[in-house]
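Visitor: The following block contains the structure, expressed as structure tokens.
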Amino acid sequence: MNPFLPGWEYIPDVEPRVFGDRLYIYGSHDRFGGQGYCENEYVVWSAPLSDLTEWRMSPHRYFLEDDPNNTDKTQKGFAPDVVQGPDGRYYLYYCLSGTRQVSVAVSDSPDGPFTYLDLIREMDGTPYGGRPGSVFAFDPGILQDDDGTQWLYLGSAPVGDWRKRLEPTGMLIDGGYCVRMRDMLTVEGETKLVLPGPCVAEGTGFEQHAFFEAISPRKIGGRYYLLYSSVLSHELCWAASDRPDGGFRFGGTVVSIGDVGLSPEPLNYLGNTHGGMVQINGQWYVFYHRQTNLCQFARQCCAEPVHFDAEGNILQSPLTSGGLEGVLPADGPHEARTACHLSSYKGTCAYSSRQPQPQMEDCHPYFTQSGSDRELLGDQHIARLSDGAWACFRWYAFTGAESSITLWARGAFEGTVQVSLARGGDPVASVPVHPSADWQPFSGELSVPAGQHALYLTWQGTGHGDLTAFVIN
């Protein structure tokens, strides 16, 4: 399902990696109820390649207080990457929120525990990045080429007040950069611009989707692909080249958390996203994160299948509820948090990086949970559903024998939930819902023909309600 981790877990900035017979995801770690990005320690989740529903969390955590560059012990860990070195060990690359160098930790296992090793350094021992004339080190990504060469990608293209604050530092802040690595800790050669930011994108083909942050490099079929977050923030884009250190041309959008590009209007609430791609059992997937809790500080990772055309171009992946599982069986229970589209009657909007959100009218529904951060019994659900609000769940395989749908809801809502197979389509079920302080089942008859269908749930009535799950029988 999407999100594929438990509802109480908030892992954004995901880099997926296959080691042995397991898929590992490495990312930042947000806190439910947090006031900023990445307030929790690094954790590792993994699943067997044979069953991508069996996720487990490693017992080992990497606390940023263990990094000696975190001198005041308050810095957060931004988007990391992990690769296996020639010595068989696993190297964790990350940047602290208050420094502009790249830290490295190492482990004998992809699960950890990771131990701080050093900063990435230049040939003369100088820490790489964070000084005049050097790159603004941010969101490192590592590419291991077929000949054993490693390439480090990093950088950001700040805009507005953030750019004004950084311009006096003399650091390179106009896009994404690449440098060859001599070994796991040392770079050599020239740092090259590979993805232009908005200030230098004119005439490059990147104008409408200039680089902002978060390079994730991959080599596929002999070509070099870079995924990145564009200045539009809500999308991951791709660029491709025949060499790793330049010549990249803009390709298009891989995924948008509002399906922008596949729809004339955003179909979900927008904010930033970040992720990477991985091949699993012959199928490529893109990993990304979405927003919850009316802010950008409680992000959750999702995944979608990726498809290429005959020329090697990546096609934009639509958002789904199935994610890594694909089409889901209609029969049985389904969590409300798996909605891939969510909107008020007024449409959607974009969350800012500020809390609280004064521009968020109370007509807007949102994903949230009960309980506190990392409380394992916290029930993530859709809150504040009101008249005209709707949620889409796709795709389900119906047999044609299903005859009822039961919604588990609560709140002060009085009215009906119309269930249809298309937005604004004729209802295939109409479920009366009444006020209740606790979760209660509300049922209605359902008639859906056999086949693969999406479900749209539209609320019609007065007041506000919450939805935690629905059951089809």
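Chain labels run A, B, ... following the order of the structure tokens; each chain numbers its residues from 1, and ligands are numbered from 1 in the order shown.
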Which residues are close to A:Asp124, i.e. within 10 Å by only C-alpha atoms, leaving aside same-chain residues fewer than 4 positions away? Reply as a PDB file with C-alpha atoms, in the first residue's frame.

Guide:
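The file below, result07.pdb, is the result:
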```pdb
ATOM      1  CA  THR A 186      38.145  11.586  -0.750  1.00  0.00           C
ATOM      2  CA  VAL A 187      37.169  13.540  -3.848  1.00  0.00           C
ATOM      3  CA  GLU A 188      39.476  14.425  -6.704  1.00  0.00           C
TER       4      GLU A 188
END
```

Visitor: Residues of stretch 329-393 of chain A within 10 Å of stretch 4-28 of chain A: nearest atom pair and distance (Å, one decimal) for each, counting only C-alpha atoms, sorted by chain and number, as JSON lines?

Guide:
```
{"residue": "A:Glu335", "atom": "CA", "partner": "A:Gly7", "partner_atom": "CA", "distance": 9.6}
{"residue": "A:Arg337", "atom": "CA", "partner": "A:Gly7", "partner_atom": "CA", "distance": 7.7}
{"residue": "A:Thr338", "atom": "CA", "partner": "A:Phe4", "partner_atom": "CA", "distance": 8.9}
{"residue": "A:Phe367", "atom": "CA", "partner": "A:Gly7", "partner_atom": "CA", "distance": 9.8}
{"residue": "A:Thr368", "atom": "CA", "partner": "A:Gly7", "partner_atom": "CA", "distance": 8.9}
{"residue": "A:Gln369", "atom": "CA", "partner": "A:Trp8", "partner_atom": "CA", "distance": 7.3}
{"residue": "A:Ser370", "atom": "CA", "partner": "A:Trp8", "partner_atom": "CA", "distance": 9.2}
{"residue": "A:Gly371", "atom": "CA", "partner": "A:Trp8", "partner_atom": "CA", "distance": 9.0}
{"residue": "A:Ser372", "atom": "CA", "partner": "A:Trp8", "partner_atom": "CA", "distance": 8.7}
{"residue": "A:Asp373", "atom": "CA", "partner": "A:Trp8", "partner_atom": "CA", "distance": 7.0}
{"residue": "A:Arg374", "atom": "CA", "partner": "A:Trp8", "partner_atom": "CA", "distance": 5.4}
{"residue": "A:Glu375", "atom": "CA", "partner": "A:Trp8", "partner_atom": "CA", "distance": 6.5}
{"residue": "A:Leu376", "atom": "CA", "partner": "A:Trp8", "partner_atom": "CA", "distance": 6.3}
{"residue": "A:Leu377", "atom": "CA", "partner": "A:Trp8", "partner_atom": "CA", "distance": 7.8}
{"residue": "A:Gly378", "atom": "CA", "partner": "A:Trp8", "partner_atom": "CA", "distance": 6.0}
{"residue": "A:Asp379", "atom": "CA", "partner": "A:Gly7", "partner_atom": "CA", "distance": 6.9}
{"residue": "A:Gln380", "atom": "CA", "partner": "A:Gly7", "partner_atom": "CA", "distance": 5.3}
{"residue": "A:His381", "atom": "CA", "partner": "A:Gly7", "partner_atom": "CA", "distance": 8.6}
```

Visitor: Write out, as an mmCIF file, in the first residue's frame, the residues just selected, with N, CA and C atoms.

Guide:
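As written to disk, out-v3.cif reads:
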```
data_model
loop_
_atom_site.group_PDB
_atom_site.id
_atom_site.type_symbol
_atom_site.label_atom_id
_atom_site.label_comp_id
_atom_site.auth_asym_id
_atom_site.auth_seq_id
_atom_site.Cartn_x
_atom_site.Cartn_y
_atom_site.Cartn_z
ATOM 1 N N GLU A 335 -7.277 0.785 4.623
ATOM 2 C CA GLU A 335 -7.029 1.940 5.483
ATOM 3 C C GLU A 335 -7.290 3.229 4.717
ATOM 4 N N ARG A 337 -5.798 5.970 5.061
ATOM 5 C CA ARG A 337 -4.556 6.676 4.775
ATOM 6 C C ARG A 337 -3.972 6.297 3.418
ATOM 7 N N THR A 338 -4.536 5.257 2.774
ATOM 8 C CA THR A 338 -4.028 4.860 1.462
ATOM 9 C C THR A 338 -4.653 5.663 0.325
ATOM 10 N N PHE A 367 -4.417 14.138 6.298
ATOM 11 C CA PHE A 367 -3.998 12.905 6.961
ATOM 12 C C PHE A 367 -3.387 13.256 8.316
ATOM 13 N N THR A 368 -3.757 12.504 9.346
ATOM 14 C CA THR A 368 -3.169 12.716 10.659
ATOM 15 C C THR A 368 -3.286 11.422 11.456
ATOM 16 N N GLN A 369 -2.934 11.459 12.730
ATOM 17 C CA GLN A 369 -3.027 10.271 13.569
ATOM 18 C C GLN A 369 -3.441 10.667 14.978
ATOM 19 N N SER A 370 -3.927 9.703 15.737
ATOM 20 C CA SER A 370 -4.126 9.881 17.168
ATOM 21 C C SER A 370 -2.836 9.477 17.873
ATOM 22 N N GLY A 371 -2.710 9.829 19.140
ATOM 23 C CA GLY A 371 -1.527 9.436 19.882
ATOM 24 C C GLY A 371 -0.365 10.371 19.643
ATOM 25 N N SER A 372 0.796 9.992 20.181
ATOM 26 C CA SER A 372 1.994 10.812 20.079
ATOM 27 C C SER A 372 2.944 10.222 19.058
ATOM 28 N N ASP A 373 4.066 10.905 18.839
ATOM 29 C CA ASP A 373 5.040 10.470 17.856
ATOM 30 C C ASP A 373 5.540 9.059 18.160
ATOM 31 N N ARG A 374 5.526 8.198 17.109
ATOM 32 C CA ARG A 374 6.037 6.830 17.188
ATOM 33 C C ARG A 374 5.274 5.973 18.191
ATOM 34 N N GLU A 375 4.038 6.372 18.489
ATOM 35 C CA GLU A 375 3.165 5.527 19.293
ATOM 36 C C GLU A 375 2.604 4.451 18.376
ATOM 37 N N LEU A 376 2.981 3.213 18.624
ATOM 38 C CA LEU A 376 2.727 2.139 17.674
ATOM 39 C C LEU A 376 1.255 1.870 17.443
ATOM 40 N N LEU A 377 0.404 2.286 18.354
ATOM 41 C CA LEU A 377 -1.026 2.060 18.179
ATOM 42 C C LEU A 377 -1.737 3.288 17.608
ATOM 43 N N GLY A 378 -0.966 4.315 17.249
ATOM 44 C CA GLY A 378 -1.576 5.498 16.659
ATOM 45 C C GLY A 378 -2.314 5.149 15.378
ATOM 46 N N ASP A 379 -3.546 5.617 15.245
ATOM 47 C CA ASP A 379 -4.362 5.278 14.079
ATOM 48 C C ASP A 379 -4.335 6.433 13.087
ATOM 49 N N GLN A 380 -3.580 6.287 12.015
ATOM 50 C CA GLN A 380 -3.596 7.349 11.017
ATOM 51 C C GLN A 380 -4.914 7.300 10.254
ATOM 52 N N HIS A 381 -5.463 8.479 9.986
ATOM 53 C CA HIS A 381 -6.765 8.562 9.336
ATOM 54 C C HIS A 381 -6.874 9.866 8.568
#
```

Visitor: So that I can see what lies close to A:Gly282, please list as a PyMOL selection string the residues with an atom at most 12 Å from it, counting only C-alpha atoms and leaving out residues fewer than 2 positions away in the same chain.

Guide: chain A and resi 49+278-280+284-285+305-307

Visitor: Deliver the residues from the most recent selection as a file, using C-alpha atoms, as a PDB file, in the first residue's frame.

Guide:
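Result written to part.pdb:
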```
ATOM      1  CA  LEU A  49      12.575  -8.855  -2.272  1.00  0.00           C
ATOM      2  CA  VAL A 278      15.401   1.043  -7.674  1.00  0.00           C
ATOM      3  CA  GLN A 279      14.879  -2.108  -9.727  1.00  0.00           C
ATOM      4  CA  ILE A 280      13.130  -4.974  -7.919  1.00  0.00           C
ATOM      5  CA  TRP A 284      11.711  -0.240 -11.631  1.00  0.00           C
ATOM      6  CA  TYR A 285      10.008   1.786  -8.884  1.00  0.00           C
ATOM      7  CA  PRO A 305       6.039   1.493 -10.662  1.00  0.00           C
ATOM      8  CA  VAL A 306       8.156   3.265 -13.284  1.00  0.00           C
ATOM      9  CA  HIS A 307       7.867   2.612 -17.015  1.00  0.00           C
TER      10      HIS A 307
END
```

Visitor: Name the residues of stretch 111-353 of chain A that fall into strand (DSSP E or B) according to DSSP on the backbone, using the chain letters and numbers of this document, as a ChimeraX atom specification.

Guide: /A:115-119,121,127,135,141-144,150-156,172,175-181,186-196,211-220,223-230,235-241,243,246,249-256,260,263,270,276-280,283-292,295-306,308,314,328-329,332-335,341-344,347,350

Visitor: Could you tell me how far atom CA of A:Gln452 sits from atom CA of A:Pro329, in Å to one decimal place?

Guide: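 Computing the Euclidean distance for atom CA of A:Pro329 and atom CA of A:Gln452 yields 9.3 Å.
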
Visitor: Report the residues of stretch 53-274 of chain A whose backbone DSSP state falls under helix (DSSP H, G or I), written as a PyMOL selection string.

Guide: chain A and resi 64-66+160-169+207-209
